[in-house]
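Quick notes on the structure that follows.
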Amino acid sequence: MAEIPPGGFAAPKGIPEYVGPEFTAVRDTLVREADRAGYAHLELPVFEDTALYARGVGESTDVVSKEMYTFADRGGRTVTLRPEGTAGVVRSVIEHGLDRGTLPVKLRYAGPFFRYERPQAGRYRQLQQVGIEAIGVDDPALDAEVLAVADAGFRALGLTGYRLEITSLGDATTRPEYRATLQAFLEKLDLDEDTRQRARINPLRVLDDKRLEVREQLADAPLMRDHLSDSAAAHHRKVLGYLDELGVAYTENPWMVRGLDYYTKTTFEFVHDGLGSQSGIGGGGRYDGLMAELGGQALSGVGFGIGVDRTLMACHAEGLEVAPARRVEVFGVPLGESARDHLVGVVGALRRGGIRADLAYGGRGLKGAMKAADRSGARYALVLGERDLASGVVQLKDLTDGTQTEVPLDGAVAAVDRALGA
Ligand code: HAM
């Protein structure tokens, strides 16, 4: 039989776990803004055909070449735990012919994604995202909508210390020409062999080099922004205009490099300054070629993925209270066995009445039970002693100021309801 490891079982390295209401509160707030803009829920598979990500995300990206959780299933198929959501959404749209209906197809998703990264604060091997994708219409107003949904999600949480960085990565008409210009520029620099190799495979990625000696040489690098086609430039101007109209603040960052290959035109990142090196709380953009690349019609799409883990960290960094600390509203404190037998029913009736309630289990004494009541965050305790029981009453104790009122036992639910509503 398999043995318990020394020190006990532990969750796999780089996987955060969340206890309590905060994580779901953040996730659901972000999802709510997507719902408000008409994005329908799509429950994506957690693993897919490896080739989907290799084609969709790009073979030369770190995500595909170094970070995928890939394995053969028992039928000998090569499958991969989803490293991101966009490729799966596009696959689903094509497979189910959703693009034959009204366009754009607007979908949202939430859940865990998997990347074999070096774990550190804010960088996990199981990361959580909320994402939206709008597929089938190439309209700058849609890019602005996607950005406004993300921005509204962050604002609904109370966040203020973030900024939206945006740029345009151009389209297929001028990208090859820009690539060649950048490559020619990079060839003349004093770079190590690895970086030269990268410049040959994906020159754009070199722009993202963080090393000072490389950065200095890159100061005069040609930027995509100055090599846009007329239509890509017009698209970009329109997006920025709509953002102004929607009151979404942004800064242009022509140096931006994303870790996924499918982006064209609008490309963006939301960055939070309170998070140290893992500062990206969300990112996304337009992907004109992805549908066709994955075997569908030549339709474009635009979307974002927001990191829920990092968004929660950003809330903590700003000292925001994300979710009420109250696990329950009422806590039952039975003193003795027959009191316990009675309170079990009262707590059940409270829950049926829509009131969050819990009970001190395990025959604890008054002191221990009151401590549990305090820890639960409850506003009220229902304290029931043997003498109360004999007289058909129960003590309703306000845990914020310690005052106590006697209420009829068979009217306890109504009394709690009144007290909570007061
Ligand atoms: P991404 O930039 O790779 O984009 O990931 C989106 C967000 O997920 C990041 O901004 C970050 O907050 C979070 N994230 C990524 N990796 C990690 C990690 N290892 N640990 C913690 N958080 C992480 C995408 O995934 C695209 N599919 C977004 C998109 C949708 N583009 C168009 N549509």
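As shown in the structure tokens, the chain order sets the letters A, B, ...; within each chain, residues go from 1, and ligands are also counted from 1 in the order they appear.
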Applying 12 Å and only C-alpha atoms, which residues near A:Arg77 remain after dropping the ones on its own chain fewer than 2 positions away? List them as a compact mmCIF listing (two decimals) with N, CA, C and O atoms, in the first residue's frame.
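Result saved to result-v9.txt:
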```txt
# COMPACT_ATOMS: atom_id res chain seq x y z
N PHE A 47 -9.25 19.29 -19.65
CA PHE A 47 -8.13 18.90 -20.52
C PHE A 47 -8.63 18.73 -21.94
O PHE A 47 -9.81 18.49 -22.18
N GLU A 48 -7.72 18.92 -22.88
CA GLU A 48 -8.05 18.83 -24.30
C GLU A 48 -6.88 18.16 -25.02
O GLU A 48 -5.79 18.00 -24.47
N ASP A 49 -7.15 17.86 -26.28
CA ASP A 49 -6.14 17.40 -27.21
C ASP A 49 -4.93 18.35 -27.18
O ASP A 49 -5.09 19.55 -27.35
N THR A 50 -3.74 17.80 -26.96
CA THR A 50 -2.53 18.64 -26.86
C THR A 50 -2.36 19.54 -28.08
O THR A 50 -1.96 20.70 -27.98
N ALA A 51 -2.69 19.00 -29.27
CA ALA A 51 -2.48 19.75 -30.51
C ALA A 51 -3.28 21.06 -30.54
O ALA A 51 -2.87 22.03 -31.18
N THR A 70 1.24 17.73 -19.84
CA THR A 70 0.82 16.86 -20.94
C THR A 70 1.05 15.41 -20.54
O THR A 70 2.07 15.08 -19.95
N PHE A 71 0.10 14.57 -20.84
CA PHE A 71 0.27 13.14 -20.54
C PHE A 71 -0.56 12.30 -21.50
O PHE A 71 -1.48 12.81 -22.16
N ALA A 72 -0.19 11.03 -21.58
CA ALA A 72 -0.97 10.11 -22.42
C ALA A 72 -2.05 9.51 -21.54
O ALA A 72 -1.78 9.07 -20.43
N ASP A 73 -3.28 9.49 -22.04
CA ASP A 73 -4.33 8.85 -21.25
C ASP A 73 -4.28 7.34 -21.51
O ASP A 73 -3.42 6.86 -22.27
N ARG A 74 -5.18 6.59 -20.90
CA ARG A 74 -5.08 5.13 -21.00
C ARG A 74 -5.35 4.62 -22.41
O ARG A 74 -5.07 3.48 -22.74
N GLY A 75 -5.94 5.49 -23.25
CA GLY A 75 -6.18 5.09 -24.64
C GLY A 75 -5.03 5.51 -25.54
O GLY A 75 -5.13 5.39 -26.77
N VAL A 79 -3.02 14.24 -24.18
CA VAL A 79 -3.90 15.30 -23.72
C VAL A 79 -3.13 16.27 -22.82
O VAL A 79 -2.07 15.93 -22.31
N THR A 80 -3.67 17.47 -22.66
CA THR A 80 -3.00 18.51 -21.87
C THR A 80 -4.02 19.21 -20.98
O THR A 80 -5.11 19.56 -21.43
```
So that I can see what lies close to A:Glu95, please list as number ranges by chain the residues with an atom at most 12 Å from it, counting only C-alpha atoms and leaving out residues fewer than 3 positions away in the same chain.
A: 88-92, 98-100, 291, 294-297
Residues from last step as file, C-alpha atoms, as a PDB file, in the first residue's frame:
```
ATOM      1  CA  GLY A  88     -10.824  25.836 -25.858  1.00  0.00           C
ATOM      2  CA  VAL A  89     -13.572  28.424 -26.341  1.00  0.00           C
ATOM      3  CA  VAL A  90     -12.727  28.784 -30.034  1.00  0.00           C
ATOM      4  CA  ARG A  91     -12.645  24.997 -30.427  1.00  0.00           C
ATOM      5  CA  SER A  92     -16.063  24.773 -28.791  1.00  0.00           C
ATOM      6  CA  LEU A  98     -22.073  28.526 -32.536  1.00  0.00           C
ATOM      7  CA  ASP A  99     -20.686  30.897 -35.167  1.00  0.00           C
ATOM      8  CA  ARG A 100     -23.593  30.032 -37.466  1.00  0.00           C
ATOM      9  CA  MET A 291     -10.595  30.664 -35.617  1.00  0.00           C
ATOM     10  CA  LEU A 294      -8.088  25.935 -35.493  1.00  0.00           C
ATOM     11  CA  GLY A 295     -10.093  24.878 -38.553  1.00  0.00           C
ATOM     12  CA  GLY A 296     -13.032  27.282 -38.417  1.00  0.00           C
ATOM     13  CA  GLN A 297     -14.254  30.198 -40.502  1.00  0.00           C
TER      14      GLN A 297
END
```
Using DSSP on the backbone coordinates, identify the residues of stretch 29-198 of chain A assigned to alpha helix (DSSP H); present them as JSON, numbers by chain.
{"A": [29, 30, 31, 32, 33, 34, 35, 36, 50, 51, 52, 53, 54, 55, 56, 57, 62, 63, 64, 65, 86, 87, 88, 89, 90, 91, 92, 93, 94, 95, 140, 141, 142, 143, 144, 145, 146, 147, 148, 149, 150, 151, 152, 153, 154, 155, 156, 175, 176, 177, 178, 179, 180, 181, 182, 183, 184, 185, 186, 187, 193, 194, 195, 196, 197, 198]}
Work out how far atom CA of A:Leu44 is from atom CA of A:Phe9, in Å to one decimal.
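Distance reported for this atom pair: 29.4 Å.
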I need the residue nearest ligand 1 from this list: A:Glu386, A:Glu269, A:Asp171, A:Glu43. Use only C-alpha atoms and all ligand atoms for the distance.
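Looking only at the distances to ligand 1, the closest residue turns out to be A:Glu269.
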Can you list, as a PDB file with all heavy atoms, in the first residue's frame, every protein, DNA or RNA residue that comes within 9 Å of A:Val346 when you count only C-alpha atoms, leaving out same-chain residues fewer than 3 positions away?
```pdb
ATOM      1  N   GLY A 332     -26.383  28.815  17.537  1.00  0.00           N
ATOM      2  CA  GLY A 332     -27.111  28.179  18.636  1.00  0.00           C
ATOM      3  C   GLY A 332     -26.166  27.680  19.722  1.00  0.00           C
ATOM      4  O   GLY A 332     -25.167  27.025  19.424  1.00  0.00           O
ATOM      5  N   HIS A 342     -33.353  20.220  21.089  1.00  0.00           N
ATOM      6  CA  HIS A 342     -34.318  21.222  20.675  1.00  0.00           C
ATOM      7  C   HIS A 342     -33.746  22.209  19.664  1.00  0.00           C
ATOM      8  O   HIS A 342     -34.376  22.550  18.669  1.00  0.00           O
ATOM      9  CB  HIS A 342     -34.793  21.987  21.917  1.00  0.00           C
ATOM     10  CG  HIS A 342     -36.272  22.038  21.972  1.00  0.00           C
ATOM     11  ND1 HIS A 342     -37.030  21.031  22.558  1.00  0.00           N
ATOM     12  CD2 HIS A 342     -37.130  22.935  21.465  1.00  0.00           C
ATOM     13  CE1 HIS A 342     -38.294  21.336  22.413  1.00  0.00           C
ATOM     14  NE2 HIS A 342     -38.393  22.481  21.755  1.00  0.00           N
ATOM     15  N   LEU A 343     -32.512  22.659  19.948  1.00  0.00           N
ATOM     16  CA  LEU A 343     -31.896  23.672  19.068  1.00  0.00           C
ATOM     17  C   LEU A 343     -31.585  23.134  17.677  1.00  0.00           C
ATOM     18  O   LEU A 343     -31.569  23.894  16.698  1.00  0.00           O
ATOM     19  CB  LEU A 343     -30.619  24.236  19.713  1.00  0.00           C
ATOM     20  CG  LEU A 343     -30.823  25.435  20.640  1.00  0.00           C
ATOM     21  CD1 LEU A 343     -29.459  26.010  21.050  1.00  0.00           C
ATOM     22  CD2 LEU A 343     -31.658  26.542  20.005  1.00  0.00           C
ATOM     23  N   ALA A 349     -34.957  25.151  11.211  1.00  0.00           N
ATOM     24  CA  ALA A 349     -36.042  26.054  10.811  1.00  0.00           C
ATOM     25  C   ALA A 349     -35.478  27.416  10.375  1.00  0.00           C
ATOM     26  O   ALA A 349     -35.964  28.018   9.419  1.00  0.00           O
ATOM     27  CB  ALA A 349     -37.019  26.236  11.968  1.00  0.00           C
ATOM     28  N   LEU A 350     -34.424  27.893  11.079  1.00  0.00           N
ATOM     29  CA  LEU A 350     -33.793  29.156  10.686  1.00  0.00           C
ATOM     30  C   LEU A 350     -33.255  29.059   9.261  1.00  0.00           C
ATOM     31  O   LEU A 350     -33.465  29.940   8.435  1.00  0.00           O
ATOM     32  CB  LEU A 350     -32.629  29.483  11.642  1.00  0.00           C
ATOM     33  CG  LEU A 350     -33.007  30.018  13.021  1.00  0.00           C
ATOM     34  CD1 LEU A 350     -31.795  29.965  13.965  1.00  0.00           C
ATOM     35  CD2 LEU A 350     -33.534  31.451  12.940  1.00  0.00           C
ATOM     36  N   ARG A 351     -32.562  27.948   8.970  1.00  0.00           N
ATOM     37  CA  ARG A 351     -31.969  27.786   7.623  1.00  0.00           C
ATOM     38  C   ARG A 351     -33.066  27.719   6.567  1.00  0.00           C
ATOM     39  O   ARG A 351     -32.926  28.331   5.502  1.00  0.00           O
ATOM     40  CB  ARG A 351     -31.116  26.517   7.580  1.00  0.00           C
ATOM     41  CG  ARG A 351     -29.850  26.637   8.414  1.00  0.00           C
ATOM     42  CD  ARG A 351     -29.106  25.326   8.455  1.00  0.00           C
ATOM     43  NE  ARG A 351     -27.938  25.397   9.330  1.00  0.00           N
ATOM     44  CZ  ARG A 351     -27.291  24.342   9.793  1.00  0.00           C
ATOM     45  NH1 ARG A 351     -27.697  23.122   9.472  1.00  0.00           N
ATOM     46  NH2 ARG A 351     -26.250  24.494  10.573  1.00  0.00           N
ATOM     47  N   LEU A 409     -39.715  30.176  22.707  1.00  0.00           N
ATOM     48  CA  LEU A 409     -38.976  29.163  21.943  1.00  0.00           C
ATOM     49  C   LEU A 409     -39.658  28.870  20.608  1.00  0.00           C
ATOM     50  O   LEU A 409     -38.998  28.751  19.574  1.00  0.00           O
ATOM     51  CB  LEU A 409     -38.861  27.879  22.784  1.00  0.00           C
ATOM     52  CG  LEU A 409     -37.895  26.814  22.306  1.00  0.00           C
ATOM     53  CD1 LEU A 409     -36.526  27.375  21.963  1.00  0.00           C
ATOM     54  CD2 LEU A 409     -37.756  25.733  23.385  1.00  0.00           C
ATOM     55  N   ASP A 410     -40.993  28.770  20.625  1.00  0.00           N
ATOM     56  CA  ASP A 410     -41.662  28.450  19.357  1.00  0.00           C
ATOM     57  C   ASP A 410     -41.787  29.670  18.441  1.00  0.00           C
ATOM     58  O   ASP A 410     -42.238  29.556  17.306  1.00  0.00           O
ATOM     59  CB  ASP A 410     -43.027  27.769  19.588  1.00  0.00           C
ATOM     60  CG  ASP A 410     -43.961  28.626  20.443  1.00  0.00           C
ATOM     61  OD1 ASP A 410     -43.587  29.796  20.718  1.00  0.00           O
ATOM     62  OD2 ASP A 410     -45.035  28.142  20.834  1.00  0.00           O
ATOM     63  N   ALA A 412     -38.938  31.556  17.982  1.00  0.00           N
ATOM     64  CA  ALA A 412     -37.530  31.962  17.874  1.00  0.00           C
ATOM     65  C   ALA A 412     -37.167  32.430  16.468  1.00  0.00           C
ATOM     66  O   ALA A 412     -36.451  33.431  16.300  1.00  0.00           O
ATOM     67  CB  ALA A 412     -36.618  30.812  18.303  1.00  0.00           C
ATOM     68  N   VAL A 413     -37.671  31.735  15.443  1.00  0.00           N
ATOM     69  CA  VAL A 413     -37.312  32.098  14.064  1.00  0.00           C
ATOM     70  C   VAL A 413     -37.800  33.508  13.755  1.00  0.00           C
ATOM     71  O   VAL A 413     -37.044  34.346  13.240  1.00  0.00           O
ATOM     72  CB  VAL A 413     -37.878  31.071  13.052  1.00  0.00           C
ATOM     73  CG1 VAL A 413     -37.588  31.506  11.624  1.00  0.00           C
ATOM     74  CG2 VAL A 413     -37.287  29.682  13.318  1.00  0.00           C
TER      75      VAL A 413
END
```
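Distances from A:Ala134, A:Ala234, A:Ala148, A:Ile306 to ligand 1 were compared using only C-alpha atoms and all ligand atoms, and the smallest one belongs to A:Ile306.
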When you count only C-alpha atoms and all ligand atoms, which of these residues is closest to ligand 1: A:Pro5, A:Gly305, A:Pro119, A:Pro16?
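The closest residue to ligand 1 is A:Gly305.
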If you count only C-alpha atoms, which residues fall within 12 Å of A:Val64, apart from same-chain ones fewer than 2 positions away, as a ChimeraX atom specification?
/A:50-62,66-70,80-84,114-117,259-261
